[in-house]
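Asker: What follows is the file entry_2.cif, containing mmCIF, C-alpha atoms:
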```cif
data_my_file
#
loop_
_atom_site.group_PDB
_atom_site.id
_atom_site.type_symbol
_atom_site.label_atom_id
_atom_site.label_comp_id
_atom_site.auth_asym_id
_atom_site.auth_seq_id
_atom_site.Cartn_x
_atom_site.Cartn_y
_atom_site.Cartn_z
ATOM 1 C CA MET A 40 99.257 81.956 134.229
ATOM 2 C CA THR A 41 101.435 84.934 133.341
ATOM 3 C CA THR A 42 104.257 82.563 132.289
ATOM 4 C CA ILE A 43 101.890 80.677 129.971
ATOM 5 C CA LEU A 44 100.809 83.967 128.414
ATOM 6 C CA TYR A 45 104.455 85.001 127.895
ATOM 7 C CA ILE A 46 105.274 81.628 126.260
ATOM 8 C CA LEU A 47 102.225 81.939 123.962
ATOM 9 C CA THR A 48 103.285 85.490 123.049
ATOM 10 C CA ALA A 49 106.774 84.282 122.160
ATOM 11 C CA ILE A 50 105.297 81.491 119.990
ATOM 12 C CA ALA A 51 103.022 84.001 118.239
ATOM 13 C CA PHE A 52 105.837 86.428 117.429
ATOM 14 C CA ILE A 53 108.277 83.696 116.326
ATOM 15 C CA SER A 54 105.744 82.105 113.974
ATOM 16 C CA LEU A 55 104.777 85.537 112.638
ATOM 17 C CA PHE A 56 108.397 86.342 111.761
ATOM 18 C CA ILE A 57 108.903 82.886 110.185
ATOM 19 C CA GLY A 58 105.745 83.502 108.134
ATOM 20 C CA PHE A 59 107.066 86.908 107.048
ATOM 21 C CA ALA A 60 110.455 85.428 106.075
ATOM 22 C CA ILE A 61 108.843 82.657 103.987
ATOM 23 C CA THR A 62 106.437 85.059 102.281
ATOM 24 C CA ILE A 63 109.140 87.654 101.549
ATOM 25 C CA SER A 64 111.403 85.047 99.915
ATOM 26 C CA ASP A 65 108.427 83.703 97.959
ATOM 27 C CA PHE A 66 107.394 87.182 96.782
ATOM 28 C CA LYS A 67 111.012 88.057 95.915
ATOM 29 C CA LYS A 68 111.236 85.033 93.612
ATOM 30 C CA ARG A 69 107.921 85.951 92.019
ATOM 31 C CA TYR A 70 108.928 89.615 91.602
ATOM 32 C CA ASP A 71 112.287 88.698 90.035
ATOM 33 C CA SER A 72 110.698 86.292 87.562
ATOM 34 C CA GLU A 73 108.100 88.936 86.709
ATOM 35 C CA ARG A 74 110.842 91.491 85.993
ATOM 36 C CA LYS A 75 112.786 88.995 83.871
ATOM 37 C CA HIS A 76 109.627 88.259 81.928
ATOM 38 C CA LEU A 77 109.004 91.992 81.389
ATOM 39 C CA SER A 78 112.612 92.684 80.279
ATOM 40 C CA LYS A 79 112.395 89.783 77.774
ATOM 41 C CA GLY A 80 109.225 91.292 76.366
ATOM 42 C CA ILE A 81 110.969 94.639 75.830
ATOM 43 C CA MET B 1154 109.215 116.543 94.775
ATOM 44 C CA SER B 1155 105.665 115.246 95.102
ATOM 45 C CA PHE B 1156 104.998 111.610 95.947
ATOM 46 C CA ILE B 1157 101.329 111.780 94.989
ATOM 47 C CA ASN B 1158 100.303 112.200 91.366
ATOM 48 C CA LEU B 1159 97.221 114.385 91.707
ATOM 49 C CA LYS B 1160 96.061 113.889 88.116
ATOM 50 C CA THR B 1161 95.701 110.121 88.396
ATOM 51 C CA PHE B 1162 95.524 110.046 92.237
ATOM 52 C CA THR B 1163 98.285 107.429 92.395
ATOM 53 C CA LEU B 1164 101.473 107.144 94.437
ATOM 54 C CA ASP B 1165 104.835 107.652 92.762
ATOM 55 C CA PHE B 1166 106.768 105.279 95.042
ATOM 56 C CA ASN B 1167 108.463 102.052 94.183
ATOM 57 C CA ARG B 1168 106.202 99.044 94.520
ATOM 58 C CA PRO B 1169 107.054 97.658 98.024
ATOM 59 C CA LEU B 1170 107.065 101.127 99.613
ATOM 60 C CA LYS B 1171 103.745 101.936 97.978
ATOM 61 C CA ALA B 1172 102.230 98.715 99.342
ATOM 62 C CA PHE B 1173 103.549 99.508 102.828
ATOM 63 C CA PHE B 1174 102.231 103.078 102.695
ATOM 64 C CA LYS B 1175 98.793 101.833 101.631
ATOM 65 C CA SER B 1176 98.727 99.286 104.460
ATOM 66 C CA VAL B 1177 99.695 101.996 107.012
ATOM 67 C CA LEU B 1178 96.775 104.123 105.775
ATOM 68 C CA TRP B 1179 94.465 101.121 105.913
ATOM 69 C CA LEU B 1180 95.493 100.239 109.492
ATOM 70 C CA PHE B 1181 95.141 103.846 110.661
ATOM 71 C CA PHE B 1182 91.579 104.138 109.358
ATOM 72 C CA VAL B 1183 90.565 100.702 110.666
ATOM 73 C CA PHE B 1184 91.815 101.607 114.152
ATOM 74 C CA LEU B 1185 90.144 105.018 113.877
ATOM 75 C CA CYS B 1186 86.768 103.547 112.910
ATOM 76 C CA GLY B 1187 87.056 100.714 115.445
ATOM 77 C CA SER B 1188 87.904 103.034 118.319
ATOM 78 C CA LEU B 1189 85.220 105.620 117.502
ATOM 79 C CA PRO B 1190 83.053 104.661 120.531
ATOM 80 C CA VAL B 1191 85.996 105.228 122.899
ATOM 81 C CA LEU B 1192 86.947 108.454 121.114
ATOM 82 C CA VAL B 1193 83.383 109.799 121.415
ATOM 83 C CA ILE B 1194 83.260 108.983 125.135
ATOM 84 C CA SER B 1195 86.745 110.489 125.615
ATOM 85 C CA LEU B 1196 85.454 113.671 123.968
ATOM 86 C CA LEU B 1197 82.456 113.693 126.337
ATOM 87 C CA HIS B 1198 84.857 113.134 129.256
ATOM 88 C CA TYR B 1199 87.018 116.021 128.022
ATOM 89 C CA LEU B 1200 83.948 118.281 127.764
ATOM 90 C CA GLY B 1201 82.770 117.132 131.208
ATOM 91 C CA ILE B 1202 79.391 115.859 130.002
ATOM 92 C CA GLY B 1203 77.600 113.074 131.927
ATOM 93 C CA GLU B 1204 79.441 110.248 133.663
ATOM 94 C CA ALA B 1205 82.023 109.618 130.970
ATOM 95 C CA ASP B 1206 84.695 108.523 133.521
ATOM 96 C CA LYS B 1207 82.675 105.485 134.537
ATOM 97 C CA LYS B 1208 81.983 104.584 130.897
ATOM 98 C CA LEU B 1209 85.690 104.806 130.050
ATOM 99 C CA GLU B 1210 86.504 102.551 133.015
ATOM 100 C CA THR B 1211 83.922 100.059 131.747
ATOM 101 C CA PHE B 1212 85.577 100.070 128.333
ATOM 102 C CA ASN B 1213 88.959 99.328 129.925
ATOM 103 C CA HIS B 1214 87.476 96.606 132.145
ATOM 104 C CA ASP B 1215 85.725 94.981 129.222
ATOM 105 C CA LEU B 1216 89.060 94.762 127.399
ATOM 106 C CA PHE B 1217 87.985 96.885 124.479
ATOM 107 C CA TRP B 1218 91.432 97.003 122.787
ATOM 108 C CA PRO B 1219 92.066 93.221 122.704
ATOM 109 C CA PHE B 1220 88.497 92.817 121.403
ATOM 110 C CA LEU B 1221 89.194 95.270 118.554
ATOM 111 C CA CYS B 1222 92.536 93.586 117.801
ATOM 112 C CA CYS B 1223 90.874 90.160 117.706
ATOM 113 C CA ALA B 1224 88.353 91.469 115.174
ATOM 114 C CA ILE B 1225 91.125 92.960 112.988
ATOM 115 C CA ILE B 1226 93.209 89.754 113.124
ATOM 116 C CA GLY B 1227 90.198 87.640 112.154
ATOM 117 C CA GLU B 1228 89.304 89.964 109.296
ATOM 118 C CA ILE B 1229 92.853 90.015 107.893
ATOM 119 C CA SER B 1230 93.305 86.241 108.206
ATOM 120 C CA PHE B 1231 90.119 85.406 106.334
ATOM 121 C CA GLU B 1232 90.764 88.091 103.731
ATOM 122 C CA ALA B 1233 94.222 86.617 103.103
ATOM 123 C CA PHE B 1234 92.736 83.129 102.904
ATOM 124 C CA LEU B 1235 89.914 84.034 100.521
ATOM 125 C CA CYS B 1236 91.675 86.538 98.230
ATOM 126 C CA ARG B 1237 92.988 85.556 94.818
ATOM 127 C CA ILE B 1238 96.638 86.069 95.824
ATOM 128 C CA LYS B 1239 98.368 82.752 96.369
ATOM 129 C CA PHE B 1240 100.547 82.583 99.458
ATOM 130 C CA SER B 1241 102.630 79.423 99.930
ATOM 131 C CA LYS B 1242 101.208 76.724 102.203
ATOM 132 C CA TYR B 1243 103.905 77.381 104.832
ATOM 133 C CA SER B 1244 102.951 81.092 104.896
ATOM 134 C CA TYR B 1245 99.347 80.106 105.540
ATOM 135 C CA LEU B 1246 100.502 77.682 108.241
ATOM 136 C CA PHE B 1247 102.675 80.152 110.153
ATOM 137 C CA PHE B 1248 100.323 83.122 109.776
ATOM 138 C CA GLY B 1249 97.380 80.968 110.847
ATOM 139 C CA MET B 1250 99.312 79.563 113.804
ATOM 140 C CA SER B 1251 100.412 82.984 115.060
ATOM 141 C CA ALA B 1252 96.930 84.492 114.648
ATOM 142 C CA GLY B 1253 95.396 81.475 116.415
ATOM 143 C CA VAL B 1254 97.831 81.789 119.335
ATOM 144 C CA VAL B 1255 97.028 85.499 119.769
ATOM 145 C CA ILE B 1256 93.283 84.800 119.687
ATOM 146 C CA LEU B 1257 93.927 82.108 122.328
ATOM 147 C CA ILE B 1258 95.761 84.714 124.479
ATOM 148 C CA VAL B 1259 92.781 87.081 124.198
ATOM 149 C CA CYS B 1260 90.390 84.240 125.134
ATOM 150 C CA LEU B 1261 92.557 83.408 128.179
ATOM 151 C CA PHE B 1262 92.463 87.082 129.122
ATOM 152 C CA TYR B 1263 88.677 87.134 128.964
ATOM 153 C CA LEU B 1264 88.529 83.947 131.082
ATOM 154 C CA ILE B 1265 90.830 85.513 133.693
ATOM 155 C CA PHE B 1266 88.628 88.603 133.781
ATOM 156 C CA PHE B 1267 85.484 86.496 133.994
ATOM 157 C CA PHE B 1268 86.624 84.406 136.952
ATOM 158 C CA LYS B 1269 88.432 87.078 138.989
ATOM 159 C CA ARG B 1270 86.865 89.817 141.091
ATOM 160 C CA PRO B 1271 87.298 93.454 139.946
ATOM 161 C CA ASP B 1272 89.669 94.328 142.812
ATOM 162 C CA GLU B 1273 91.916 91.344 141.937
ATOM 163 C CA ILE B 1274 91.943 92.363 138.252
ATOM 164 C CA ALA B 1275 93.175 95.842 139.179
ATOM 165 C CA ASN B 1276 96.142 94.210 140.967
ATOM 166 C CA LEU B 1277 97.183 92.014 138.018
ATOM 167 C CA PRO B 1278 100.744 93.116 137.199
ATOM 168 C CA ALA B 1279 100.882 92.325 133.514
ATOM 169 C CA THR B 1280 97.473 93.407 132.229
ATOM 170 C CA TRP B 1281 98.611 96.543 130.427
ATOM 171 C CA ILE B 1282 101.784 94.806 129.157
ATOM 172 C CA PHE B 1283 99.645 92.177 127.426
ATOM 173 C CA GLN B 1284 97.313 94.782 126.014
ATOM 174 C CA VAL B 1285 100.333 96.617 124.539
ATOM 175 C CA ILE B 1286 101.739 93.317 123.205
ATOM 176 C CA ILE B 1287 98.418 92.412 121.547
ATOM 177 C CA ILE B 1288 98.045 95.863 119.976
ATOM 178 C CA SER B 1289 101.630 95.859 118.649
ATOM 179 C CA TYR B 1290 101.245 92.285 117.367
ATOM 180 C CA THR B 1291 98.035 93.241 115.543
ATOM 181 C CA SER B 1292 99.738 96.258 113.973
ATOM 182 C CA LEU B 1293 102.697 94.154 112.798
ATOM 183 C CA TYR B 1294 100.527 91.311 111.508
ATOM 184 C CA SER B 1295 98.085 93.509 109.628
ATOM 185 C CA LEU B 1296 100.808 95.808 108.242
ATOM 186 C CA GLY B 1297 102.755 92.795 106.988
ATOM 187 C CA VAL B 1298 99.914 90.770 105.505
ATOM 188 C CA LYS B 1299 98.196 93.817 103.997
ATOM 189 C CA SER B 1300 101.498 94.977 102.463
ATOM 190 C CA PHE B 1301 101.892 91.584 100.773
ATOM 191 C CA MET B 1302 98.330 91.795 99.492
ATOM 192 C CA PHE B 1303 98.695 95.359 98.170
ATOM 193 C CA PHE B 1304 102.079 94.451 96.658
ATOM 194 C CA ASP B 1305 100.619 91.579 94.669
ATOM 195 C CA GLU B 1306 97.496 93.539 93.767
ATOM 196 C CA ASP B 1307 99.586 96.341 92.281
ATOM 197 C CA LYS B 1308 100.947 94.350 89.329
ATOM 198 C CA ARG B 1309 102.283 96.483 86.540
ATOM 199 C CA PRO B 1310 101.354 95.664 82.954
#
```
Turn this file's structure into structure tokens for me.
Answerer:
Amino acid sequence: MTTILYILTAIAFISLFIGFAITISDFKKRYDSERKHLSKGI
Amino acid sequence: MSFINLKTFTLDFNRPLKAFFKSVLWLFFVFLCGSLPVLVISLLHYLGIGEADKKLETFNHDLFWPFLCCAIIGEISFEAFLCRIKFSKYSYLFFGMSAGVVILIVCLFYLIFFFKRPDEIANLPATWIFQVIIISYTSLYSLGVKSFMFFDEDKRP
């Protein structure tokens, strides 16, 4: 039972970090395009 | 140098740091409010009033901390799903999967505690390790997701 819990914990942390990586790259793109848009406006 | 502008009550940080700072504050107050029952009983225990020891033991046996973490994870997940900020579909997938797995772990924990006798539970080697893991996971998850939400919310004109 303890092994199953450890495996589930590993899955949870790995998918959390993958989710963070995807969201950070997504937000970075959005942030950069926003800044470009703002600098064009100025 | 002051980081808080007292006139407008806003933070003078750059945008990601500001979002992170806000999410730290949010998490602190959520944990504080959620753990108020335990804090009150701990205060009674400290003052030596009533049978606070037994009540504190009951809280630990009833897995109070994983219960609180489960509630926070559920709240954050649905808030992220229902808010106007658009995460990508893969973000939703991985965040949902990780939150679901942790809720499954907590359910398994409750099942173990339901089917085992109290003296066997006390001898489980990894109980506190899993409680620490669940609390640290919840902190990471809510800090991360809330930071993204505050970051997007704080759009500059």
Asker: Expand the PyMOL selection byres ((chain B) within 6 of (chain A)) into the explicit residue set it covers here, and present it as number ranges by chain.
Answerer: B: 1244, 1247-1248, 1251, 1254
Asker: I'd like the interatomic distance between atom CA of B:Ser1300 and atom CA of A:Ser64, to a tenth of an Å.
Answerer: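 Interatomic distance here is 14.3 Å.
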Asker: When you look at stretch 1278-1293 of chain B with a cut-off of 8 Å (counting all atoms listed in the file), what residues show up, excluding the ones that are within fewer than 3 positions of it in the same chain? I need them as a list in words.
Answerer: Thr41, Thr48 and Phe52 of chain A; Leu1180, Trp1218, Pro1219, Cys1222, Ile1225, Ile1226, Val1255, Leu1296 and Gly1297 of chain B
Asker: What does the structure give for the distance between atom CA of B:Gly1253 and atom CA of B:Phe1231, in Å to one decimal?
Answerer: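 Calculated distance between atom CA of B:Gly1253 and atom CA of B:Phe1231 is 12.0 Å.
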Asker: Would you mind reading off the distance between atom CA of B:Trp1179 and atom CA of B:Met1302, one decimal, in Å?
Answerer: 12.0 Å
Asker: Which of these, B:Val1177, B:Val1298, B:Leu1185, B:Leu1196, has the shortest distance to B:Ala1233 once you count only C-alpha atoms?
Answerer: B:Val1298
Asker: Using only C-alpha atoms, which residue out of B:Phe1266, B:Phe1304, B:Ile1258, B:Tyr1199 lies closest to A:Ile46?
Answerer: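 So, comparing all the options, the nearest one is B:Ile1258.
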Asker: Point out the residue among B:Leu1200, B:Cys1223, B:Leu1246, B:Leu1216 with the least atom-to-atom distance to B:Tyr1263, counting only C-alpha atoms.
Answerer: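 Under the stated criterion, the closest residue is B:Leu1216.
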Asker: Report as JSON the centre and the edge lengths, in Å to one decimal, of the axis-aligned box holding every listed atom of stretch 1254-1271 of chain B, padded by 8 Å on each side.
Answerer:
```
{"center_x": 91.7, "center_y": 87.6, "center_z": 130.2, "size_x": 28.3, "size_y": 27.7, "size_z": 37.8}
```
Asker: Enumerate, as a list of chain:residue names, the protein, DNA and RNA residues whose atoms approach (99.9, 86.9, 92.1) to within 7 Å, taking into account only C-alpha atoms and the coordinate frame of the file.
Answerer: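 Those within range, by chain then number, are B:Ile1238, B:Lys1239, B:Asp1305.
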Asker: Taking all atoms listed in the file into account, which of B:Cys1186, B:Asp1307, B:Ile1229, B:Leu1221 comes nearest B:Leu1170?
Answerer: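 Using all atoms listed in the file, the shortest distance to B:Leu1170 belongs to B:Asp1307.
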